[in-house]
Amino acid sequence: MPPAVTRPDAVRREALRIALVDDNPVRAAILEEGLREAGHTDITRLTTSPTLLRELSVLDPDMVIIDLANPSRDSLEQMFQISRSVPRPVAMFVDHSDTSMIEAAVEAGVSTYIVDGLKKERIKAILDMSISRFNAFSRLKAELAQARTELDERKTVERAKAILMQRRSIQEPEAYALLRRTAMNENRRIIDVAQSILTAAELLK
Amino acid sequence: MTGQTRPIPVTVGFVPLIDAALLVVAREEGFAAMEGLDLTLAREGSWAAIRDKLNVGLFDAAHMLAPAAIASTLGLGHLQVPLIAPLALNLDGNAITVSNLLADELQALIQPGEAAVSPVQTARALASVIQARAREGLEPITVGVVFGFSCHFYQMRAWLGSGGIDLERDTRLVVIPPPLMVESLKAGLVDVFCAGSPWNRLAEAAGAGKVLHPCASFMPDCPEKLLVLRQDSEGAPWLAGLIRAIVRASLWASEPNNLRLLARHLARPDYVGAPVGVIEAVLSGDAPTLFNALPASWIRLDQEATLPAVSRIKAVFDMMADAGQITPDQSLWTRAMGIARPDLYAKALAGTLNRTS
């Protein structure tokens with residue numbers, strides 16, 4: 001355990017100084033917005049770099065919020081305990097919240113380090129906010145991916161219809177009905193039938 | 001062996017390093033499947049992330065630095081997660097690399113003769129460099145390590161110490177994540193670093209520095225990575241099978257004919273993600289170093305290396321105490337020694353290897 005360095009000056013500081021380390025700018029922006037809405041104004045965003053620890057030392061934050069997968073986490077944790085000779089201007093500790101909180105944070109992909117002496121309620125509110133914003137970002141990403149897949153599928157079906165219309169000299173509604181019927185008869189999805197039409201057309205070109 | 005039963009899913013976290021090799025072989029060469037396991041290997045960028053995911057049960061087991069396993073069990077400075085190690089994943093594998101500038105300075109001081117230049121000689125030469133810099137009023141040299149609770153750190157201390165250099169008094173220490181080490185060496189933010197493979201060879205391949213010594217040349221058979229699980233997973237139904245699969249992987253990996261294929265498995269982007277040539281150079285151990293001081297081997301993946309021996313945990317504990325990271329008292333010592341579980345290893349292997357190999 002590193003010696004508990006208390007910083008009366010920092011604890012007395014009115015606004016909590018928060019460092020946000022995230023290489024994903026969109027996620028960082030989402031979290032920063034949430035923190036600002038909650039009334040935190042002293043927020044600095046940082047990204048992975050060889051000088052990150054030095055930047056953090058200069059900044060001297062009360063709390064560091066960092067994405068769980070960030071490779072700088074090891075350096076950050078080690079900064080406080082590797083050697084007696086390393087100055088520890090930032091006396092940060094891993095947040096020992098309750099078990100369910102830790103689980104929720106790990107699953108959301110966020111971790112926090114706090115300066116000794118910070119009030120538990122203040123940390124909890126910020127951690128709650130971080131977890132919910134990180135989760136919101138993941139949902140957003142999943143929705144985007146889903147939307148992209150749907151768009152791709154629609155394009156495939158359109159192209160398959162066009163091929164049928166051309167080869168069989170039929171109109172669009174008939175082409176779609178043909179696709180649907182085939183899919184039902186073969187117990188496949190329309191997108192799968194459309195995909196085989198495109199593959200076949202490519203082979204027969 | 002598996003009969004009609006469904007394979008048991010097991011998720012093991014690893015950091016992309018060559019010493020995760022036996023996990024990769026256990027999966028890719030089918031040894032895990034032979035034991036009825038559906039082994040998933042999850043790549044992580046930090047030991048902190050490995051510890052956190054192991055702690056909340058997202059990982060069943062993990063690849064971990066032996067000193068980090070002790071730190072996690074004792075709760076040194078961070079979250080306390082008591083662990084056990086029923087198997088070791090390797091011995092050795094670390095090396096010391098110097099910047100091109102420092103390589104030139106050392107070469108000016110050391111005339112390579114017929115015999116290889118020893119680590120003590122290079123450390124003494126470095127001491128002269130440090131003294132010369134101090135006389136000229138220049139900055140002290142900067143030593144980079146990737147993690148504090150690591151054999152890299154103790155090996156760096158030991159090597160410097162052999163030349164009369166005190167890491168804390170005579171150098172400036174920085175902790176930098178491995179992916180940034182090459183860049184830091186190039187930018188002059190670090191003069192010399194110690195890290196696991198393939199980071200040394202990668203730095204050299206990038207033209208950022210020269211590999212000086214594999215650590216096995218001055219501290220052979222150093223316990224490097226362990227397979228760890230939470231203490232409460234001791235009775236898990238997959239454990240004996242996973243131990244057997246990894247021991248079989250070590251027999252496979254020790255076969256010289258398999259070296260190329262092993263390097264190709266490891267080179268994949270979802271594993272180590274480094275050029276095959278760089279990985280082969282580490283595995284074969286025959287690539288040159290600055291003064292050609294070659295040890296018998298760079299990294300050990302043989303079966304003897306997989307033994308979770310108490311004596312090896314003790315050696316690590318002593319190095320941690322020597323570095324001032326642990327106050328050696330009886331209760332900490334007892335808890336740390338409890339990590340090694342040769343009994344689980346022996347139980348899993350009882351009779352099996354003779355029957356099947």
# chains A, B, ... in the order shown; residues from 1 in each chain; ligands from 1
>>> residues_around(residues="region 90-107 of chain B", least_positions_apart="5", cutoff="7 Å", atoms="only C-alpha atoms", output="ChimeraX atom specification")
/B:19,125-126,152,185,191-197,200,208-216,220-225,298-301,305-306
>>> residues_around(residues="region 158-174 of chain B", least_positions_apart="3", cutoff="8 Å", atoms="only C-alpha atoms", output="number ranges by chain")
A: 83-86; B: 119-127, 130, 140-145, 154-155, 190, 218
>>> residues_around(residues="region 159-161 of chain A", least_positions_apart="4", cutoff="9 Å", atoms="only C-alpha atoms", output="list in words")
Arg154, Lys155, Met165, Gln166, Glu172, Ala175, Tyr176, Leu179, Val193, Ala194, Gln195, Ser196, Ile197 and Leu198 of chain A
>>> residues_around(residues="Gly30 (chain B)", least_positions_apart="2", cutoff="12 Å", atoms="only C-alpha atoms", output="PyMOL selection string")
chain B and resi 22-28+32-39+242+244-246+248-249+252
>>> write_last_selection(atoms="N, CA and C atoms", output="PDB file, in the first residue's frame")
ATOM      1  N   LEU B  22       1.238 -21.062 -24.772  1.00  0.00           N
ATOM      2  CA  LEU B  22       0.652 -22.370 -24.456  1.00  0.00           C
ATOM      3  C   LEU B  22      -0.879 -22.327 -24.467  1.00  0.00           C
ATOM      4  N   LEU B  23      -1.449 -21.168 -24.134  1.00  0.00           N
ATOM      5  CA  LEU B  23      -2.907 -21.021 -24.217  1.00  0.00           C
ATOM      6  C   LEU B  23      -3.346 -21.095 -25.672  1.00  0.00           C
ATOM      7  N   VAL B  24      -2.596 -20.410 -26.531  1.00  0.00           N
ATOM      8  CA  VAL B  24      -2.912 -20.385 -27.958  1.00  0.00           C
ATOM      9  C   VAL B  24      -2.792 -21.797 -28.544  1.00  0.00           C
ATOM     10  N   VAL B  25      -1.738 -22.519 -28.159  1.00  0.00           N
ATOM     11  CA  VAL B  25      -1.549 -23.877 -28.667  1.00  0.00           C
ATOM     12  C   VAL B  25      -2.663 -24.804 -28.151  1.00  0.00           C
ATOM     13  N   ALA B  26      -3.022 -24.638 -26.873  1.00  0.00           N
ATOM     14  CA  ALA B  26      -4.081 -25.483 -26.301  1.00  0.00           C
ATOM     15  C   ALA B  26      -5.367 -25.360 -27.105  1.00  0.00           C
ATOM     16  N   ARG B  27      -5.623 -24.145 -27.602  1.00  0.00           N
ATOM     17  CA  ARG B  27      -6.825 -23.949 -28.400  1.00  0.00           C
ATOM     18  C   ARG B  27      -6.620 -24.373 -29.855  1.00  0.00           C
ATOM     19  N   GLU B  28      -5.578 -23.816 -30.484  1.00  0.00           N
ATOM     20  CA  GLU B  28      -5.403 -23.996 -31.931  1.00  0.00           C
ATOM     21  C   GLU B  28      -5.016 -25.417 -32.325  1.00  0.00           C
ATOM     22  N   ALA B  32      -7.419 -28.433 -26.006  1.00  0.00           N
ATOM     23  CA  ALA B  32      -8.545 -28.067 -25.134  1.00  0.00           C
ATOM     24  C   ALA B  32      -9.796 -28.830 -25.563  1.00  0.00           C
ATOM     25  N   ALA B  33     -10.029 -28.883 -26.870  1.00  0.00           N
ATOM     26  CA  ALA B  33     -11.205 -29.592 -27.381  1.00  0.00           C
ATOM     27  C   ALA B  33     -11.153 -31.072 -27.001  1.00  0.00           C
ATOM     28  N   MET B  34      -9.939 -31.666 -27.032  1.00  0.00           N
ATOM     29  CA  MET B  34      -9.762 -33.067 -26.646  1.00  0.00           C
ATOM     30  C   MET B  34     -10.198 -33.321 -25.212  1.00  0.00           C
ATOM     31  N   GLU B  35     -10.104 -32.262 -24.396  1.00  0.00           N
ATOM     32  CA  GLU B  35     -10.489 -32.374 -22.987  1.00  0.00           C
ATOM     33  C   GLU B  35     -11.951 -31.984 -22.773  1.00  0.00           C
ATOM     34  N   GLY B  36     -12.682 -31.786 -23.872  1.00  0.00           N
ATOM     35  CA  GLY B  36     -14.090 -31.433 -23.752  1.00  0.00           C
ATOM     36  C   GLY B  36     -14.310 -29.986 -23.365  1.00  0.00           C
ATOM     37  N   LEU B  37     -13.352 -29.116 -23.721  1.00  0.00           N
ATOM     38  CA  LEU B  37     -13.483 -27.709 -23.373  1.00  0.00           C
ATOM     39  C   LEU B  37     -13.688 -26.864 -24.619  1.00  0.00           C
ATOM     40  N   ASP B  38     -14.584 -25.883 -24.498  1.00  0.00           N
ATOM     41  CA  ASP B  38     -14.733 -24.887 -25.550  1.00  0.00           C
ATOM     42  C   ASP B  38     -13.986 -23.652 -25.044  1.00  0.00           C
ATOM     43  N   LEU B  39     -12.695 -23.580 -25.414  1.00  0.00           N
ATOM     44  CA  LEU B  39     -11.817 -22.548 -24.855  1.00  0.00           C
ATOM     45  C   LEU B  39     -11.873 -21.252 -25.669  1.00  0.00           C
ATOM     46  N   LEU B 242      -8.241 -28.232 -18.367  1.00  0.00           N
ATOM     47  CA  LEU B 242      -7.458 -27.089 -18.864  1.00  0.00           C
ATOM     48  C   LEU B 242      -5.973 -27.294 -18.532  1.00  0.00           C
ATOM     49  N   ARG B 244      -4.415 -30.181 -18.166  1.00  0.00           N
ATOM     50  CA  ARG B 244      -3.887 -31.220 -19.062  1.00  0.00           C
ATOM     51  C   ARG B 244      -3.676 -30.667 -20.469  1.00  0.00           C
ATOM     52  N   ALA B 245      -4.631 -29.861 -20.947  1.00  0.00           N
ATOM     53  CA  ALA B 245      -4.522 -29.307 -22.306  1.00  0.00           C
ATOM     54  C   ALA B 245      -3.279 -28.425 -22.423  1.00  0.00           C
ATOM     55  N   ILE B 246      -2.995 -27.642 -21.382  1.00  0.00           N
ATOM     56  CA  ILE B 246      -1.839 -26.740 -21.456  1.00  0.00           C
ATOM     57  C   ILE B 246      -0.530 -27.520 -21.330  1.00  0.00           C
ATOM     58  N   ARG B 248      -0.121 -30.592 -22.390  1.00  0.00           N
ATOM     59  CA  ARG B 248       0.055 -31.187 -23.718  1.00  0.00           C
ATOM     60  C   ARG B 248       0.559 -30.136 -24.700  1.00  0.00           C
ATOM     61  N   ALA B 249       0.046 -28.917 -24.571  1.00  0.00           N
ATOM     62  CA  ALA B 249       0.504 -27.823 -25.441  1.00  0.00           C
ATOM     63  C   ALA B 249       1.994 -27.587 -25.243  1.00  0.00           C
ATOM     64  N   TRP B 252       3.938 -30.165 -27.099  1.00  0.00           N
ATOM     65  CA  TRP B 252       3.874 -29.838 -28.535  1.00  0.00           C
ATOM     66  C   TRP B 252       4.827 -28.669 -28.852  1.00  0.00           C
TER      67      TRP B 252
END
>>> atom_distance(atom1="CA of Thr99 (chain A)", atom2="CA of Thr48 (chain A)")
28.3 Å
>>> residues_around(residues="Glu103 (chain A)", least_positions_apart="3", cutoff="10 Å", atoms="only C-alpha atoms", output="PyMOL selection string")
(chain A and resi 97-100+106-109) or (chain B and resi 52-53+55-58)
>>> write_last_selection(atoms="C-alpha atoms", output="PDB file, in the first residue's frame")
ATOM      1  CA  SER A  97     -17.041   0.737  -4.284  1.00  0.00           C
ATOM      2  CA  ASP A  98     -19.497  -1.984  -3.392  1.00  0.00           C
ATOM      3  CA  THR A  99     -19.454  -5.246  -5.338  1.00  0.00           C
ATOM      4  CA  SER A 100     -22.497  -4.591  -7.536  1.00  0.00           C
ATOM      5  CA  VAL A 106     -16.494  -3.535 -15.403  1.00  0.00           C
ATOM      6  CA  GLU A 107     -19.377  -4.658 -17.599  1.00  0.00           C
ATOM      7  CA  ALA A 108     -19.872  -1.111 -18.870  1.00  0.00           C
ATOM      8  CA  GLY A 109     -16.117  -0.868 -19.499  1.00  0.00           C
TER       9      GLY A 109
ATOM     10  CA  ASP B  52     -10.950  -6.619 -13.028  1.00  0.00           C
ATOM     11  CA  LYS B  53     -12.616  -9.079 -15.414  1.00  0.00           C
ATOM     12  CA  ASN B  55     -12.682 -10.457 -10.312  1.00  0.00           C
ATOM     13  CA  VAL B  56     -16.260 -10.063 -11.560  1.00  0.00           C
ATOM     14  CA  GLY B  57     -16.315 -13.446 -13.315  1.00  0.00           C
ATOM     15  CA  LEU B  58     -16.147 -12.277 -16.935  1.00  0.00           C
TER      16      LEU B  58
END
>>> atom_distance(atom1="CA of Phe137 (chain A)", atom2="CA of Asp22 (chain A)")
12.7 Å
>>> closest_residue(among="A:Ala145, A:Ala15, A:Ala105, A:Val64", to="chain B", atoms="only C-alpha atoms")
A:Ala105
>>> interface_residues(of="chain B", to="chain A", cutoff="9 Å", atoms="only C-alpha atoms", output="PyMOL selection string")
chain B and resi 44-49+52-53+55-58+75-79+146-149+153+168-169+172-181+183-184+189+323-326
>>> select_by_dssp(residues="region 25-78 of chain A", states="helix (DSSP H, G or I)", output="count of residues only")
27
>>> atom_distance(atom1="CA of Leu283 (chain B)", atom2="CA of Ser72 (chain B)")
29.3 Å
>>> decode(residues="region 316-338 of chain B", atoms="N, CA and C atoms", output="compact mmCIF listing (two decimals), in the first residue's frame")
# COMPACT_ATOMS: atom_id res chain seq x y z
N VAL B 316 9.91 -15.02 -6.36
CA VAL B 316 9.27 -13.76 -6.78
C VAL B 316 8.98 -12.89 -5.56
N PHE B 317 8.45 -13.52 -4.51
CA PHE B 317 8.14 -12.80 -3.27
C PHE B 317 9.39 -12.09 -2.74
N ASP B 318 10.52 -12.82 -2.76
CA ASP B 318 11.78 -12.25 -2.28
C ASP B 318 12.21 -11.04 -3.10
N MET B 319 12.01 -11.12 -4.42
CA MET B 319 12.38 -9.98 -5.27
C MET B 319 11.48 -8.78 -4.98
N MET B 320 10.19 -9.05 -4.71
CA MET B 320 9.27 -7.96 -4.39
C MET B 320 9.66 -7.30 -3.07
N ALA B 321 10.05 -8.14 -2.11
CA ALA B 321 10.46 -7.61 -0.81
C ALA B 321 11.75 -6.81 -0.96
N ASP B 322 12.67 -7.32 -1.78
CA ASP B 322 13.93 -6.65 -1.99
C ASP B 322 13.73 -5.27 -2.64
N ALA B 323 12.70 -5.17 -3.49
CA ALA B 323 12.43 -3.90 -4.17
C ALA B 323 11.61 -2.96 -3.29
N GLY B 324 11.28 -3.42 -2.07
CA GLY B 324 10.52 -2.58 -1.14
C GLY B 324 9.03 -2.54 -1.43
N GLN B 325 8.54 -3.47 -2.24
CA GLN B 325 7.11 -3.47 -2.56
C GLN B 325 6.28 -4.23 -1.52
N ILE B 326 6.94 -5.11 -0.79
CA ILE B 326 6.27 -5.89 0.25
C ILE B 326 7.09 -5.77 1.52
N THR B 327 6.40 -5.61 2.65
CA THR B 327 7.08 -5.72 3.93
C THR B 327 6.98 -7.19 4.29
N PRO B 328 8.10 -7.90 4.28
CA PRO B 328 8.00 -9.34 4.46
C PRO B 328 7.58 -9.72 5.88
N ASP B 329 6.29 -10.02 6.06
CA ASP B 329 5.89 -10.55 7.37
C ASP B 329 5.26 -11.92 7.16
N GLN B 330 5.13 -12.66 8.25
CA GLN B 330 4.75 -14.06 8.17
C GLN B 330 3.40 -14.27 7.49
N SER B 331 2.41 -13.42 7.81
CA SER B 331 1.07 -13.68 7.30
C SER B 331 1.01 -13.39 5.79
N LEU B 332 1.68 -12.33 5.34
CA LEU B 332 1.72 -12.04 3.90
C LEU B 332 2.42 -13.17 3.17
N TRP B 333 3.52 -13.64 3.79
CA TRP B 333 4.31 -14.70 3.17
C TRP B 333 3.46 -15.96 3.00
N THR B 334 2.72 -16.32 4.03
CA THR B 334 1.90 -17.53 3.99
C THR B 334 0.82 -17.40 2.92
N ARG B 335 0.19 -16.21 2.86
CA ARG B 335 -0.88 -16.02 1.85
C ARG B 335 -0.29 -16.09 0.44
N ALA B 336 0.88 -15.48 0.26
CA ALA B 336 1.50 -15.49 -1.08
C ALA B 336 1.88 -16.91 -1.49
N MET B 337 2.42 -17.69 -0.56
CA MET B 337 2.84 -19.05 -0.91
C MET B 337 1.64 -19.92 -1.27
N GLY B 338 0.46 -19.56 -0.71
CA GLY B 338 -0.76 -20.32 -0.99
C GLY B 338 -1.21 -20.21 -2.44
